[in-house]
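> I have a structure here, written as structure tokens, and I will follow up with some questions on it.
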Amino acid sequence: MAKPLTDSEKRKQISVRGLAGLGDVAEVRKSFNRHLHFTLVKDRNVATPRDYFFALAHTVRDHLVGRWIRTQQHYYERDPKRIYYLSLEFYMGRTLQNTMVNLGLQNACDEAIYQVGGLVAGYLGIGRLTASCFLDSMATLGLAAYGYGIRYEFGIFNQKIVNGWQVEEADDWLRYGNPWEKARPEYMLPVHFYGRVEHTPDGVKWLDTQVVLAMPYDTPVPGYKNNTVNTMRLWSAKAPNDFKLQDFNVGDYIEAVLDRNLAENISRVLYPNDNFFEGKELRLKQEYFVVAATLQDIIRRFKSSKFGCRDPVRTCFETFPDKVAIQLNDTHPALSIPELMRILVDVEKVDWDKAWEITKKTCAYTNHTVLPEALERWPVSMFEKLLPRHLEIIYAINQRHLDHVAALFPGDVDRLRRMSVIEEGDCKRINMAHLCVIGSHAVNGVARIHSEIVKQSVFKDFYELEPEKFQNKTNGITPRRWLLLCNPGLADTIVEKIGEEFLTDLSQLKKLLPLVNDEAFIRDVAKVKQENKLKFSAFLEKEYKVKINPSSMFDVHVKRIHEYKRQLLNCLHVITLYNRIKRDPAKAFVPRTVMIGGKAAPGYHMAKLIIKLVTSIGDVVNHDPVVGDRLKVIFLENYRVSLAEKVIPAADLSQQISTAGTEASGTGNMKFMLNGALTIGTMDGANVEMAEEAGAENLFIFGLRVEDVEALDRKGYNAREYYDRLPELKQAVDQISSGFFSPKEPDCFKDVVNMLMHHDRFKVFADYEAYVQCQAQVDQLYRNPKGWTKKVIRNIACSGKFSSDRTITEYAREIWGVEPSDLQIPPPNIPRD
């Protein structure tokens with residue numbers, strides 16, 4: 001087989017058609033050499049891959065900065081409504097390539113590096129920072145948008161697999177510096193904690209607080225080839241110089257200085273829990289820290305709104321909602337609501353009702369989960385200590401809200417209890433989701449089925465009260481990163497047929513539908529997939545020392561490890577396949593390489609056991625000579641954005657098998673669809689809309705629907721019925737239970753079996769039979785390569801809806817009240833009008 005082209009060579013091919021713009025190679029080369037020269041210290045004249053990376057990153061950054069400044073000037077002159085997207089987790093992927101693609105510099109950089117004899121492969125090794133798809137889309141759509149979050153010193157942990165178990169290592173991603181961020185100490189702001197509240201004739205005072213400073217670091221977010229560069233501003237915690245010194249006598253100066261860590265711990269580490277709430281005081285501090293700093297910034301910008309101006313121009317808050325939209329991404333930034341009220345009422349002296357109207361019109365809330373254990377419910381006692389004024393404000397908000405409900409539903413005490421922000425009980429708690437719903441003018445779920453569940457169950461009472469508030473905004477992904485950047489071969493094949501407009505209007509992929517039966521196109525698409533598989537096979541062999549059969553079906557299940565995502569259902573299928581091969585070794589089986597990857601929250605015992613089970617099954621299956629290369633099981637270690645960019649383009653089958661009604665949306669499912677994998681999945685999250693777009697017959701849909709799950713709950717789910725009735729299921733469970741996969745520790749998986757048999761909330765056994773039958777249909781189609789590729793083409797052609805550009809356009813029009821713009825800001829080398 002011919003050696004596959006490297007991504008760099010593919011990008012060159014694309015660049016010929018102008019997709020990654022040639023740019024001025026000589027200028028890039030000169031700039032690169034200059035940066036490389038300054039990177040190298042005098043006593044070291046051999047450049048390392050890191051030197052090349054930083055030199056290239058700074059070269060690309062030079063191209064960004066002029067556009068960045070010009071974009072901000074443009075906003076100050078036009079004074080548009082500004083969008084503030086608040087999130088405690090901007091998932092950081094790699095920025096360098098993404099930025100080169102969006103600036104149209106990809107080819108010029110490749111060529112310049114090539115000419116100076118650089119390490120083209122090596123230079124992509126270190127940068128790990130980009131805002132998520134939404135920030136990319138907001139810049140591409142020309143919205144005046146800002147992402148706000150925390151600059152964590154340590155990101156989500158790195159996962160090591162040791163003896164089959166997950167071990168966490170700190171992700172010290174800032175160790176070598178971050179070429180994309182710019183510290184902005186001149187905009188440092190104070191954030192207050194603790195203290196006491198005094199009600200005086202002049203109003204309410206929050207006194208004797210502890211102050212932590214918030215230092216902003218700005219990262220440019222370039223739109224795709226429109227010269228717009230927006231800002232992601234992340235806050236880092238710094239102790240003030242007088243921190244605690246007054247508490248110590250002079251002799252304890254050293255202790256006092258060491259104590260600064262207590263303040264600076266706020267931005268130290270990202271809490272790695274996924275879909276699980278852990279009520280730690282430090283986490284609440286992080287949530288208030290980002291909100292308090294961000295709101296001061298928003299108000300400063302609202303008041304001045306002249307480029308470089310610090311003097312207030314506006315003092316009246318009447319127009320605040322016309323100029324500011326705050327999107328609360330999940331409940332983590334929920335404190336924006338009481339904090340904005342505090343500023344308006346206590347500081348700016350706006351009367352309560354007016355302040356409440358302004359707050360509601362400004363804030364909007366995106367719900368991301370329906371799992372009860374994931375909803376934030378903070379103890380009142382913690383609030384009382386940490387944020388005493390905010391507790392008073394929340395009580396006042398709740399009182400007015402309950403008075404309103406009581407007037408509409410007289411005597412319905414149970415409804416008041418259900419709708420209160422304060423939950424009574426052994427430990428009084430504040431329900432942050434209720435606060436978000438009450439304090440926002442729009443509430444949305446992230447896929448149609450999820451938004452319906454939000455209205456019918458999670459916030460049913462609130463929906464009855466204000467139905468007009470509730471919306472759906474189905475998630476999306478950016479085609480720049482998740483097609484052009486990670487799968488240049490496929491992007492190139494598509495461009496050849498329909499041009500490159502689909503990169504900013506993904507619905508154009510519909511133009512591929514007439515090519516579903518085109519023999520040449522079917523061949524091209526299959527060839528790209530095979531090249532991606534060969535490349536990923538080589539990567540796996542190098543990393544995992546496992547010989548991969550590149551013509552086997554690449555069956556991929558990558559996401560956070562969680563019971564509701566049902567990695568265990570996948571495990572049961574793998575064991576079933578293994579047992580079938582052992583039973584009838586002469587039979588023809590479709591060869592499969594099953595890959596499961598994802599991180600488990602460090603304190604989540606069951607999730608860690610699931611990882612151990614996957615690796616243990618792999619140990620048995622991969623070393624069984626009877627099985628050979630017909631079945632391999634690999635746990636993909638340390639699943640992250642950069643690994644996703646390799647595995648997704650190579651996948652044949654995408655597993656999206658959560659229990660119906662539990663996955664809000666998913667975006668991995670969309671990335672796989674766009675990259676030519678077929679989906680096996682339940683009718684959950686965005687899978688429902690994917691099936692609607694592509695036709696359910698072009699996905700492998702199986703299992704219980706939401707209403708079936710509800711019916712089973714009413715009837716009572718009995719796992720043993722399935723265990724007794726299905727011999728293959730019984731055999732698989734007994735093997736896990738008996739220690740067949742853990743001969744040295746026969747009891748290793750007793751907790752897994754006990755959970756599956758006696759308290760499985762996610763009904764793994766109930767879907768087992770349908771899942772295994774559906775997998776047999778997958779095998780059958782895979783035996784017919786042309787039939788398989790036709791379905792792949794249909795999926796790609798119908799994935800246009802799942803662009804984050806479409807999602808953000810809907811947010812802009814239906815929640816923020818702004819219109820996307822395709823206006824090109826003139827580049828820095830062209831004088832402005």
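Convention: chains lettered A, B, ... in structure tokens order; per-chain residue numbering from 1; ligands numbered from 1 as shown.
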Can you pull out every residue within 7 Å of Ala719 (chain A), counting only C-alpha atoms, but drop anything in the same chain fewer than 5 positions away, and send it as a ChimeraX atom specification?
/A:757-758,765
> May I have the residues from that selection written out with N, CA, C and O atoms, as a short mmCIF file (atom, residue, chain, number, x, y, z; two decimals), in the first residue's frame?

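Saved the output as selection-v1.cif:
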data_model
loop_
_atom_site.label_atom_id
_atom_site.label_comp_id
_atom_site.auth_asym_id
_atom_site.auth_seq_id
_atom_site.Cartn_x
_atom_site.Cartn_y
_atom_site.Cartn_z
N MET A 757 -26.37 -5.83 39.14
CA MET A 757 -27.45 -6.75 39.51
C MET A 757 -28.49 -6.09 40.41
O MET A 757 -29.67 -6.42 40.36
N HIS A 758 -28.04 -5.16 41.28
CA HIS A 758 -28.96 -4.71 42.34
C HIS A 758 -29.28 -3.22 42.37
O HIS A 758 -30.33 -2.84 42.87
N PHE A 765 -28.56 -3.88 31.62
CA PHE A 765 -29.07 -5.17 31.14
C PHE A 765 -30.30 -5.01 30.25
O PHE A 765 -30.52 -5.79 29.33
#
> Using DSSP secondary structure from the backbone, list all helix (DSSP H, G or I) positions within region 450-552 of chain A, as number ranges by chain.
A: 450-458, 460-465, 467-469, 479-485, 488-498, 501-503, 506-515, 519-544
> What are the closest atom pairs, with distances in Å to one decimal, for each residue of region 555-587 of chain A lying within 12 Å of region 672-690 of chain A, using only C-alpha atoms, rows by chain and rising residue number, as a tab-separated table?

residue	atom	partner	partner_atom	distance
A:Asp555	CA	A:Ala677	CA	9.2
A:Val556	CA	A:Ala677	CA	9.3
A:His557	CA	A:Ile680	CA	10.1
A:Val558	CA	A:Phe672	CA	10.5
A:Tyr564	CA	A:Asp684	CA	11.4
A:Lys565	CA	A:Thr682	CA	10.6
A:Arg566	CA	A:Thr682	CA	11.0
A:Leu569	CA	A:Gly681	CA	11.6
A:Asn570	CA	A:Ile680	CA	10.9
> What lies within 7 Å of region 601-617 of chain A using only C-alpha atoms, ignoring chain neighbours under 2 positions off, as a PDB file with C-alpha atoms, in the first residue's frame?

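Once everything was written out, this is selection-v5.pdb:
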ATOM      1  CA  GLY A 164      -4.781  -1.187  34.704  1.00  0.00           C
ATOM      2  CA  TRP A 165      -5.813   1.524  37.177  1.00  0.00           C
ATOM      3  CA  GLN A 166      -6.147   5.256  36.567  1.00  0.00           C
ATOM      4  CA  PRO A 272     -12.243  17.434  37.676  1.00  0.00           C
ATOM      5  CA  ASN A 273     -15.757  16.261  38.582  1.00  0.00           C
ATOM      6  CA  ASP A 274     -18.019  15.659  35.634  1.00  0.00           C
ATOM      7  CA  ILE A 561     -16.106   7.610  32.268  1.00  0.00           C
ATOM      8  CA  HIS A 562     -19.515   7.614  33.956  1.00  0.00           C
ATOM      9  CA  GLU A 563     -22.140   4.973  34.700  1.00  0.00           C
ATOM     10  CA  LEU A 568     -20.145  -1.251  30.863  1.00  0.00           C
ATOM     11  CA  CYS A 571     -17.698  -4.180  27.878  1.00  0.00           C
ATOM     12  CA  LYS A 599     -10.995  10.197  32.407  1.00  0.00           C
ATOM     13  CA  ASP A 619      -5.270  -8.227  28.846  1.00  0.00           C
ATOM     14  CA  VAL A 620      -7.203 -11.448  28.303  1.00  0.00           C
ATOM     15  CA  VAL A 621      -8.530 -10.800  24.779  1.00  0.00           C
ATOM     16  CA  PHE A 635      -7.960   1.657  26.623  1.00  0.00           C
ATOM     17  CA  PHE A 741     -10.627 -11.337  33.758  1.00  0.00           C
ATOM     18  CA  SER A 742      -8.802 -10.776  37.067  1.00  0.00           C
TER      19      SER A 742
END
> Running DSSP on the backbone, which parts of region 581-765 of chain A land in strand (DSSP E), as a count of residues only?
22
> Hey, what's within 9 Å of Lys455 (chain A) if we count only C-alpha atoms and toss same-chain stuff fewer than 6 positions away? As an MDAnalysis selection string, please?
chainID A and resid 461:464 467 470
> Need the shell around Pro746 (chain A): protein/DNA/RNA residues with any atom at most 12 Å away, counting only C-alpha atoms. Skip same-chain ones fewer than 3 positions apart. Format as a ChimeraX atom specification?
/A:616,734-743,749-751
> List the spatial neighbours of Tyr771 (chain A) as a list in words - criterion: any atom at most 8 Å away, only C-alpha atoms, same-chain residues fewer than 6 positions off excluded.
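The contact residues come out as His573, Phe702 and Gly703 of chain A.
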> Using only C-alpha atoms, pick whichever of A:Ile575, A:Leu371, A:Met432, A:Cys316 has the shortest atom-to-atom distance to Phe762 (chain A).
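Closest residue, counting only C-alpha atoms: A:Leu371.
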> Which of these, A:Arg151, A:Arg82, A:Arg300, A:Arg175, has the shortest distance to Asn230 (chain A) once you count only C-alpha atoms?
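That would be A:Arg82, the residue with the smallest distance to Asn230 (chain A).
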> Kindly indicate which residue among A:Val641, A:Val421, A:Trp235, A:Tyr723 lies nearest to Trp482 (chain A), using only C-alpha atoms for the distances.
A:Val641
> Residues at most 8 Å from Ile793 (chain A), counting only C-alpha atoms, excluding those fewer than 3 positions away in the same chain, as a ChimeraX atom specification?
/A:512-513,516,522,525,676,789-790,796-797
> Which one of A:Ala325, A:Ile449, A:Lys801, A:Glu198 sits closest to Leu509 (chain A) if you count only C-alpha atoms?
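The shortest atom-to-atom distance to Leu509 (chain A) comes from A:Lys801.
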